[in-house]
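Undergrad: If it helps, the file is called my_file31.cif and holds mmCIF, C-alpha atoms and all ligand atoms:
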```
data_entry
loop_
_atom_site.label_atom_id
_atom_site.label_comp_id
_atom_site.auth_asym_id
_atom_site.auth_seq_id
_atom_site.Cartn_x
_atom_site.Cartn_y
_atom_site.Cartn_z
CA MET A 3 47.19 159.01 83.84
CA LYS A 4 43.70 160.40 83.07
CA GLU A 5 42.04 157.26 84.41
CA TYR A 6 43.95 157.60 87.69
CA TYR A 7 42.34 160.97 88.48
CA GLU A 8 38.84 160.10 87.31
CA ASN A 9 36.34 160.28 90.15
CA LYS A 10 38.99 161.32 92.69
CA VAL A 11 38.38 163.55 95.71
CA ALA A 12 41.21 166.00 96.37
CA ALA A 13 42.19 169.05 98.39
CA VAL A 14 44.95 171.49 97.44
CA THR A 15 46.37 174.12 99.81
CA GLY A 16 47.59 177.26 98.11
CA GLY A 17 45.21 176.17 95.36
CA ALA A 18 44.20 179.64 94.19
CA SER A 19 47.46 180.49 92.43
CA GLY A 20 50.41 179.07 90.54
CA ILE A 21 51.22 175.38 90.87
CA GLY A 22 48.30 174.68 93.23
CA LEU A 23 45.77 176.18 90.85
CA ALA A 24 47.28 174.23 87.96
CA LEU A 25 46.96 171.01 89.99
CA VAL A 26 43.28 171.80 90.60
CA GLU A 27 42.62 172.53 86.94
CA ALA A 28 44.45 169.45 85.69
CA MET A 29 42.63 167.12 88.07
CA LEU A 30 39.24 168.57 87.09
CA GLU A 31 40.18 168.23 83.44
CA MET A 32 40.99 164.56 84.05
CA GLY A 33 37.60 163.89 85.65
CA ALA A 34 38.13 164.43 89.39
CA ARG A 35 34.82 164.31 91.26
CA ALA A 36 35.33 166.86 94.06
CA VAL A 37 38.24 169.26 94.42
CA THR A 38 38.62 171.62 97.37
CA ILE A 39 40.70 174.72 96.82
CA ALA A 40 42.16 176.00 100.08
CA ASP A 41 43.84 179.38 100.12
CA ILE A 42 44.23 182.47 102.28
CA ASN A 43 43.82 184.82 99.32
CA GLU A 44 40.06 185.35 99.15
CA ASP A 45 40.07 187.39 95.94
CA ASN A 46 41.87 184.70 93.99
CA LEU A 47 39.83 181.99 95.67
CA ASN A 48 36.51 183.59 94.70
CA LYS A 49 37.67 184.41 91.19
CA HIS A 50 38.96 180.94 90.34
CA CYS A 51 36.20 179.04 92.14
CA ALA A 52 33.56 180.97 90.22
CA ARG A 53 35.34 180.36 86.91
CA LEU A 54 35.94 176.65 87.56
CA SER A 55 32.45 176.07 88.98
CA ASP A 56 31.02 177.35 85.69
CA GLN A 57 33.21 174.90 83.83
CA TYR A 58 32.80 171.98 86.25
CA PRO A 59 29.48 172.47 88.08
CA GLY A 60 29.31 170.89 91.53
CA LYS A 61 32.91 169.69 91.46
CA VAL A 62 34.76 172.61 93.00
CA LYS A 63 34.68 173.99 96.51
CA GLY A 64 36.66 177.03 97.65
CA LEU A 65 37.54 177.42 101.29
CA LYS A 66 39.40 180.30 102.88
CA THR A 67 42.13 178.58 104.85
CA ASP A 68 45.16 179.78 106.76
CA VAL A 69 47.58 176.87 106.72
CA THR A 70 49.49 178.34 109.66
CA SER A 71 46.46 177.56 111.85
CA GLU A 72 45.88 173.92 112.75
CA ALA A 73 42.17 174.57 113.39
CA SER A 74 41.79 176.15 109.95
CA VAL A 75 43.54 173.25 108.20
CA LYS A 76 41.50 170.65 110.10
CA ALA A 77 38.25 172.45 109.24
CA MET A 78 39.32 172.54 105.59
CA VAL A 79 40.15 168.82 105.45
CA ASP A 80 36.88 167.94 107.24
CA ALA A 81 34.97 170.05 104.71
CA ALA A 82 36.87 168.51 101.78
CA VAL A 83 35.93 165.04 103.01
CA ALA A 84 32.27 166.08 103.41
CA PHE A 85 32.36 167.55 99.90
CA GLY A 86 33.72 164.21 98.69
CA GLY A 87 30.83 162.31 100.24
CA GLY A 88 32.81 161.15 103.29
CA HIS A 89 35.98 160.33 101.37
CA ILE A 90 39.32 161.87 100.39
CA ASP A 91 41.85 160.41 97.96
CA LEU A 92 44.48 163.13 97.63
CA LEU A 93 45.83 165.94 99.77
CA PHE A 94 48.36 168.35 98.28
CA ASN A 95 50.13 170.33 101.00
CA ASN A 96 51.32 172.89 98.49
CA ALA A 97 50.96 176.36 100.09
CA GLY A 98 54.27 178.02 100.81
CA LEU A 99 56.33 181.19 100.64
CA GLY A 100 59.71 181.93 99.02
CA LEU A 101 61.50 183.44 102.06
CA GLY A 102 64.78 184.82 100.74
CA GLY A 103 67.13 187.12 102.60
CA ALA A 104 70.34 187.48 104.58
CA PHE A 105 70.53 185.30 107.69
CA GLU A 106 71.57 188.19 109.95
CA GLU A 107 68.48 190.17 109.04
CA GLN A 108 66.09 187.40 110.08
CA GLY A 109 65.11 187.12 113.74
CA ASN A 110 63.31 184.38 115.64
CA GLU A 111 59.91 185.81 114.85
CA GLN A 112 60.60 185.48 111.11
CA TRP A 113 61.96 181.97 111.60
CA GLY A 114 58.81 181.06 113.48
CA LYS A 115 56.63 182.39 110.69
CA ALA A 116 58.73 180.62 108.08
CA PHE A 117 58.30 177.24 109.76
CA ALA A 118 54.60 177.97 110.36
CA ILE A 119 53.84 178.50 106.67
CA ASN A 120 56.28 176.09 105.01
CA PHE A 121 56.54 173.27 107.55
CA TYR A 122 53.84 173.19 110.23
CA SER A 123 51.22 173.65 107.51
CA VAL A 124 52.27 170.22 106.25
CA VAL A 125 52.18 168.69 109.74
CA TYR A 126 48.65 170.05 110.20
CA GLY A 127 47.48 168.76 106.84
CA VAL A 128 48.87 165.29 107.47
CA ARG A 129 47.39 165.16 110.96
CA ALA A 130 43.95 166.18 109.69
CA ALA A 131 43.89 163.72 106.78
CA LEU A 132 45.35 160.66 108.53
CA PRO A 133 42.24 159.54 110.44
CA TYR A 134 40.20 159.54 107.22
CA MET A 135 42.88 157.84 105.13
CA LYS A 136 43.59 155.24 107.81
CA ALA A 137 39.88 154.39 107.99
CA GLN A 138 39.77 154.13 104.18
CA LYS A 139 43.07 152.19 104.16
CA ALA A 140 43.94 154.40 101.20
CA GLY A 141 44.96 157.92 100.26
CA HIS A 142 47.92 159.91 99.02
CA ILE A 143 49.52 162.98 100.61
CA ALA A 144 51.90 164.99 98.43
CA ASN A 145 54.00 167.59 100.25
CA THR A 146 55.71 170.33 98.28
CA ALA A 147 59.38 170.95 98.98
CA SER A 148 61.80 172.48 96.46
CA GLY A 149 65.03 171.73 94.62
CA ILE A 150 66.69 173.75 97.37
CA VAL A 151 66.45 170.73 99.66
CA TYR A 152 69.38 169.31 97.72
CA VAL A 153 71.13 172.48 96.54
CA HIS A 154 71.17 174.72 99.61
CA LEU A 155 71.41 178.15 98.06
CA PRO A 156 72.91 181.00 100.10
CA TYR A 157 70.63 183.90 101.09
CA GLN A 158 67.78 181.40 101.22
CA SER A 159 68.73 179.60 104.43
CA MET A 160 65.19 179.91 105.82
CA TYR A 161 63.62 178.46 102.69
CA ALA A 162 66.22 175.69 102.53
CA ALA A 163 65.71 174.75 106.18
CA THR A 164 61.90 174.70 106.08
CA LYS A 165 61.71 172.74 102.82
CA SER A 166 64.41 170.27 103.92
CA ALA A 167 62.27 169.59 106.97
CA VAL A 168 59.33 168.86 104.65
CA LEU A 169 61.41 166.31 102.72
CA ALA A 170 62.57 164.57 105.89
CA LEU A 171 59.08 164.48 107.40
CA THR A 172 57.52 163.13 104.24
CA THR A 173 60.08 160.40 103.67
CA SER A 174 59.74 159.19 107.27
CA LEU A 175 55.97 159.12 107.06
CA ARG A 176 56.01 157.30 103.74
CA TYR A 177 57.30 154.17 105.47
CA GLU A 178 55.52 154.73 108.78
CA TYR A 179 52.13 154.59 107.03
CA TRP A 180 52.92 152.35 104.06
CA ASP A 181 51.20 149.34 105.62
CA ASP A 182 48.13 151.47 106.36
CA GLY A 183 47.69 151.92 102.63
CA ILE A 184 48.61 155.62 102.74
CA ARG A 185 51.10 156.97 100.23
CA PHE A 186 53.40 159.92 100.81
CA SER A 187 55.42 161.78 98.18
CA THR A 188 57.69 164.80 98.28
CA VAL A 189 57.17 167.18 95.37
CA ILE A 190 60.11 169.03 93.79
CA PRO A 191 58.10 171.10 91.32
CA GLY A 192 60.90 172.65 89.23
CA THR A 193 61.58 176.33 88.79
CA VAL A 194 58.10 177.55 87.94
CA ALA A 195 56.90 180.94 86.67
CA THR A 196 54.39 181.90 89.40
CA ALA A 197 53.54 184.74 91.74
CA ILE A 198 56.13 183.41 94.21
CA TRP A 199 58.78 185.34 92.25
CA ALA A 200 56.94 188.64 92.84
CA GLY A 201 59.38 191.50 92.80
CA GLY A 202 62.26 189.48 91.43
CA PRO A 203 63.29 188.25 88.01
CA ILE A 204 61.92 184.85 86.98
CA PRO A 205 64.79 182.56 85.91
CA LYS A 206 64.85 181.91 82.18
CA GLN A 207 64.64 178.15 82.61
CA ALA A 208 61.31 178.45 84.47
CA ILE A 209 58.53 176.14 83.33
CA THR A 210 54.81 176.91 83.44
CA SER A 211 52.51 175.93 86.30
CA ALA A 212 50.63 173.61 83.94
CA GLU A 213 53.88 171.83 83.03
CA SER A 214 54.79 171.49 86.67
CA ALA A 215 51.33 170.20 87.62
CA ALA A 216 51.45 167.59 84.83
CA GLY A 217 54.79 166.28 86.17
CA ILE A 218 53.53 166.26 89.74
CA LEU A 219 50.34 164.39 88.89
CA LYS A 220 52.28 161.81 86.88
CA GLY A 221 54.60 161.28 89.86
CA VAL A 222 51.66 160.91 92.25
CA ALA A 223 49.93 158.42 89.96
CA GLU A 224 53.19 156.42 89.87
CA ASN A 225 53.63 156.75 93.65
CA GLN A 226 57.13 158.19 93.31
CA ARG A 227 58.94 158.78 96.59
CA VAL A 228 60.40 162.10 95.44
CA ILE A 229 58.73 163.64 92.42
CA PHE A 230 61.31 165.53 90.36
CA VAL A 231 59.43 167.47 87.71
CA THR A 232 62.58 168.74 85.97
CA GLU A 233 65.87 167.13 85.03
CA ASP A 234 67.64 170.26 86.38
CA ASP A 235 66.45 169.47 89.89
CA ARG A 236 67.18 165.77 89.51
CA SER A 237 70.77 166.44 88.42
CA GLY A 238 71.18 169.05 91.19
CA CYS A 239 70.23 166.34 93.66
CA LEU A 240 72.63 163.85 92.12
CA ASN A 241 75.49 166.36 92.06
CA MET A 242 74.89 167.37 95.66
CA ALA A 243 74.80 163.74 96.82
CA ARG A 244 78.05 163.05 94.95
CA ALA A 245 79.60 166.25 96.32
CA ALA A 246 78.92 165.03 99.84
CA CYS A 247 81.02 161.92 99.19
CA GLU A 248 83.51 162.75 96.42
CA PRO A 249 86.07 165.57 96.91
CA GLN A 250 86.49 166.28 93.17
CA VAL A 251 82.76 166.92 92.81
CA ALA A 252 82.62 168.86 96.11
CA LYS A 253 85.10 171.39 94.72
CA GLY A 254 82.83 172.20 91.76
CA MET A 255 79.77 172.47 93.99
CA ASP A 256 81.62 174.72 96.46
CA GLU A 257 82.67 177.01 93.61
CA TYR A 258 79.13 177.16 92.23
CA LEU A 259 77.53 177.95 95.61
CA LEU A 260 80.23 180.51 96.45
CA GLY A 261 79.57 182.19 93.11
CA VAL A 262 75.87 182.39 93.93
CA ALA A 263 76.63 183.78 97.42
CA ARG A 264 78.94 186.48 96.05
CA ALA A 265 76.52 187.48 93.29
CA ARG A 266 73.66 187.71 95.75
CA LYS A 267 75.77 189.62 98.26
CA SER A 268 76.31 192.23 95.58
CA GLY A 269 72.57 192.42 94.91
CA ASN A 270 72.24 190.07 91.93
CA PHE A 271 69.43 187.75 92.98
CA SER A 272 68.90 186.32 89.52
CA ALA A 273 72.00 184.14 90.12
CA ILE A 274 70.99 180.53 90.75
N1 LIG B 301 57.50 178.55 91.80
C1 LIG B 301 58.63 177.90 92.00
O1 LIG B 301 59.64 178.09 91.27
C2 LIG B 301 58.74 176.91 93.13
C3 LIG B 301 59.90 176.13 93.21
C4 LIG B 301 60.02 175.21 94.24
C5 LIG B 301 58.99 175.06 95.16
N2 LIG B 301 57.87 175.84 95.05
C6 LIG B 301 56.82 175.64 96.05
O2 LIG B 301 55.60 175.40 95.39
C7 LIG B 301 54.51 175.79 96.23
C8 LIG B 301 53.52 176.64 95.44
O3 LIG B 301 54.17 177.84 95.07
P1 LIG B 301 53.81 178.69 93.78
O4 LIG B 301 55.08 178.91 93.06
O5 LIG B 301 52.66 178.12 93.08
O6 LIG B 301 53.46 180.09 94.48
P2 LIG B 301 52.17 181.04 94.43
O7 LIG B 301 52.57 182.24 95.19
O8 LIG B 301 51.68 181.20 93.04
O9 LIG B 301 51.08 180.21 95.24
C9 LIG B 301 51.14 180.03 96.63
C10 LIG B 301 49.73 180.09 97.18
O10 LIG B 301 49.81 179.84 98.59
C11 LIG B 301 48.88 180.69 99.21
N3 LIG B 301 49.21 180.92 100.63
C12 LIG B 301 50.21 181.68 101.14
N4 LIG B 301 50.14 181.69 102.48
C13 LIG B 301 49.07 180.93 102.82
C14 LIG B 301 48.49 180.56 104.05
N5 LIG B 301 48.98 181.01 105.23
N6 LIG B 301 47.39 179.77 104.04
C15 LIG B 301 46.88 179.33 102.85
N7 LIG B 301 47.39 179.64 101.67
C16 LIG B 301 48.48 180.43 101.65
C17 LIG B 301 48.97 182.00 98.42
O11 LIG B 301 47.82 182.83 98.65
C18 LIG B 301 49.07 181.47 97.02
O12 LIG B 301 47.79 181.33 96.44
C19 LIG B 301 55.15 176.51 97.43
O13 LIG B 301 55.22 175.63 98.52
C20 LIG B 301 56.54 176.84 96.94
O14 LIG B 301 57.48 176.97 97.97
C21 LIG B 301 57.71 176.75 94.07
#
```
Show me the file's structure as structure tokens.
Ligand SMILES: NC(=O)c1ccc[n+]([C@@H]2O[C@H](COP(=O)([O-])OP(=O)(O)OC[C@H]3O[C@@H](n4cnc5c(N)ncnc54)[C@H](O)[C@@H]3O)[C@@H](O)[C@H]2O)c1
TA:
Amino acid sequence: MKEYYENKVAAVTGGASGIGLALVEAMLEMGARAVTIADINEDNLNKHCARLSDQYPGKVKGLKTDVTSEASVKAMVDAAVAFGGGHIDLLFNNAGLGLGGAFEEQGNEQWGKAFAINFYSVVYGVRAALPYMKAQKAGHIANTASGIVYVHLPYQSMYAATKSAVLALTTSLRYEYWDDGIRFSTVIPGTVATAIWAGGPIPKQAITSAESAAGILKGVAENQRVIFVTEDDRSGCLNMARAACEPQVAKGMDEYLLGVARARKSGNFSAI
């Protein structure tokens, strides 16, 4: 896998924290040539860019980016290409928010913001990178979804809807651009101990960002269609697919999801 990332040019949105930062660090460690960290959080961006630039001089560029703005994402991708000497190999559309809550408490404005950060950010990234990757006849775009795209947890309808849209978009594009030499993968990063859980308990089965990044980068190198970092998420997907077709499995899945809904309704959000 190390050889695959040697000399690569990459950009990572949400790259100043959690899984995104771990992707940046792992690619640099494996010999990437130019990595652009795009994030809205300037403090984290400055802190980690300074630290990584000391370690990998000339290989890291930090760019304040708001992925909900198409102009901001395009400027970031253009700058990442310039930083890579007119080339880009990898774009990780990773930035996203957790977005839990009861459906009745979420109005259209919140739904709009949810799709802006978790879904349109991906559309903007793809649109900005495509002209470069088509001209190169090569490139890989990895879009981060979540295990929730298969197991639609209650009290997370907004998160489930936005991330399911990411999966559908990415799978369609994978075949639309296959013959242009551009690869697309959906990332299901596992349950990962990051800042996204702020304010809530982190599930005990959570893996580290470094573990998640290692699984993601392996999946990208292997051009997997859907990159399942954990077996938990893979079996959740299998169970959900079976539940859709087989009544005896559906009963178990209904009971599980109803249990989660009731626990969450009574305030226990650690239930997943
Ligand atoms: N942590 C998990 O358990 C988990 C599970 C499934 C999916 N994911 C997904 O993985 C991705 C990364 O999440 P994480 O867990 O590393 O979270 P994180 O909070 O550690 O990192 C997210 C980063 O995105 C940045 N960001 C937020 N809004 C932005 C914006 N408008 N423009 C640019 N950057 C913005 C934040 O500043 C932050 O640095 C997200 O898409 C998330 O939905 C995470």
Undergrad: Residues at most 6 Å from ligand LIG 301 (chain B), using all atoms listed in the file? Could they come as a count of residues only?
TA: 32
Undergrad: Mind pulling up the distance from atom CA of Lys63 of chain A to atom CA of His50 of chain A?
TA: 10.2 Å
Undergrad: Using all atoms listed in the file, which of the listed residues (A:Thr164, A:Asn120, A:Ser159, A:Asn270) sits closest to Asn95 of chain A?
TA: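 Closest residue, counting all atoms listed in the file: A:Asn120.
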Undergrad: Would you mind listing what lies within 10 Å of Gly102 of chain A as a list in words, with only C-alpha atoms counted and same-chain residues fewer than 4 positions away left out?
TA: Gln108, Leu155, Pro156, Tyr157, Gln158, Ser159, Met160, Tyr161, Ala162 and Phe271 of chain A
Undergrad: Rounded to one decimal, what separation in Å do you get between atom CA of Leu101 of chain A and atom CA of Gly201 of chain A?
TA: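 That distance, rounded to one decimal, is 12.5 Å.
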Undergrad: What's the 9 Å shell around Val26 of chain A, counting only C-alpha atoms, without same-chain residues fewer than 4 positions away, as JSON, numbers by chain?
TA: {"A": [12, 13, 14, 17, 18, 21, 22, 30, 31, 37, 38, 39, 62, 215]}
Undergrad: So how many Å separate atom CA of Ala82 of chain A and atom CA of Tyr134 of chain A, to one decimal?
TA: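 So the answer is 11.0 Å.
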Undergrad: Identify which of the residues A:Asn225, A:Thr232, A:Thr172, A:Asn46 lies closest to Ile190 of chain A, counting all atoms listed in the file when measuring atom-to-atom distances.
TA: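 Comparing A:Asn225, A:Thr232, A:Thr172, A:Asn46 against Ile190 of chain A, the winner is A:Thr232.
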Undergrad: May I ask which of the residues A:Val151, A:Gly254, A:Ile204, A:Ser166 is the closest one to Cys239 of chain A, counting all atoms listed in the file?
TA: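 Of A:Val151, A:Gly254, A:Ile204, A:Ser166, the one nearest Cys239 of chain A, counting all atoms listed in the file, is A:Val151.
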Undergrad: Compare A:Ala24, A:His142, A:Lys61, A:Phe94 by their minimum atom-to-atom distance to Ala212 of chain A, counting all atoms listed in the file, and give me the closest one.
TA: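 Using all atoms listed in the file, Ala212 of chain A sits closest to A:Ala24.
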Undergrad: Name the closest residue to Gly88 of chain A among the candidates A:Arg185, A:Phe105, A:Ala137, A:Ala167; distances are taken between atoms, counting only C-alpha atoms.
TA: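 The closest residue to Gly88 of chain A is A:Ala137.
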Undergrad: Using only C-alpha atoms for the distances, tell me which of A:Arg227, A:Ser123, A:Tyr58, A:Val79 is nearest to Tyr177 of chain A.
TA: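 Between A:Arg227, A:Ser123, A:Tyr58, A:Val79, the residue approaching Tyr177 of chain A most closely is A:Arg227.
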Undergrad: For a quick check of your reading of the model, name the residues lying within 8 Å of the coordinate (36.4, 179.1, 103.4), counting all atoms listed in the file, and write them as number ranges by chain.
TA: A: 40, 64-67, 78
Undergrad: Taking 3 positions as the minimum chain separation for residues in the same chain, which residues sit within 9 Å of Glu72 of chain A when counting only C-alpha atoms? Answer as a PyMOL selection string.
TA: chain A and resi 68-69+75-77+122-123+125-127+130
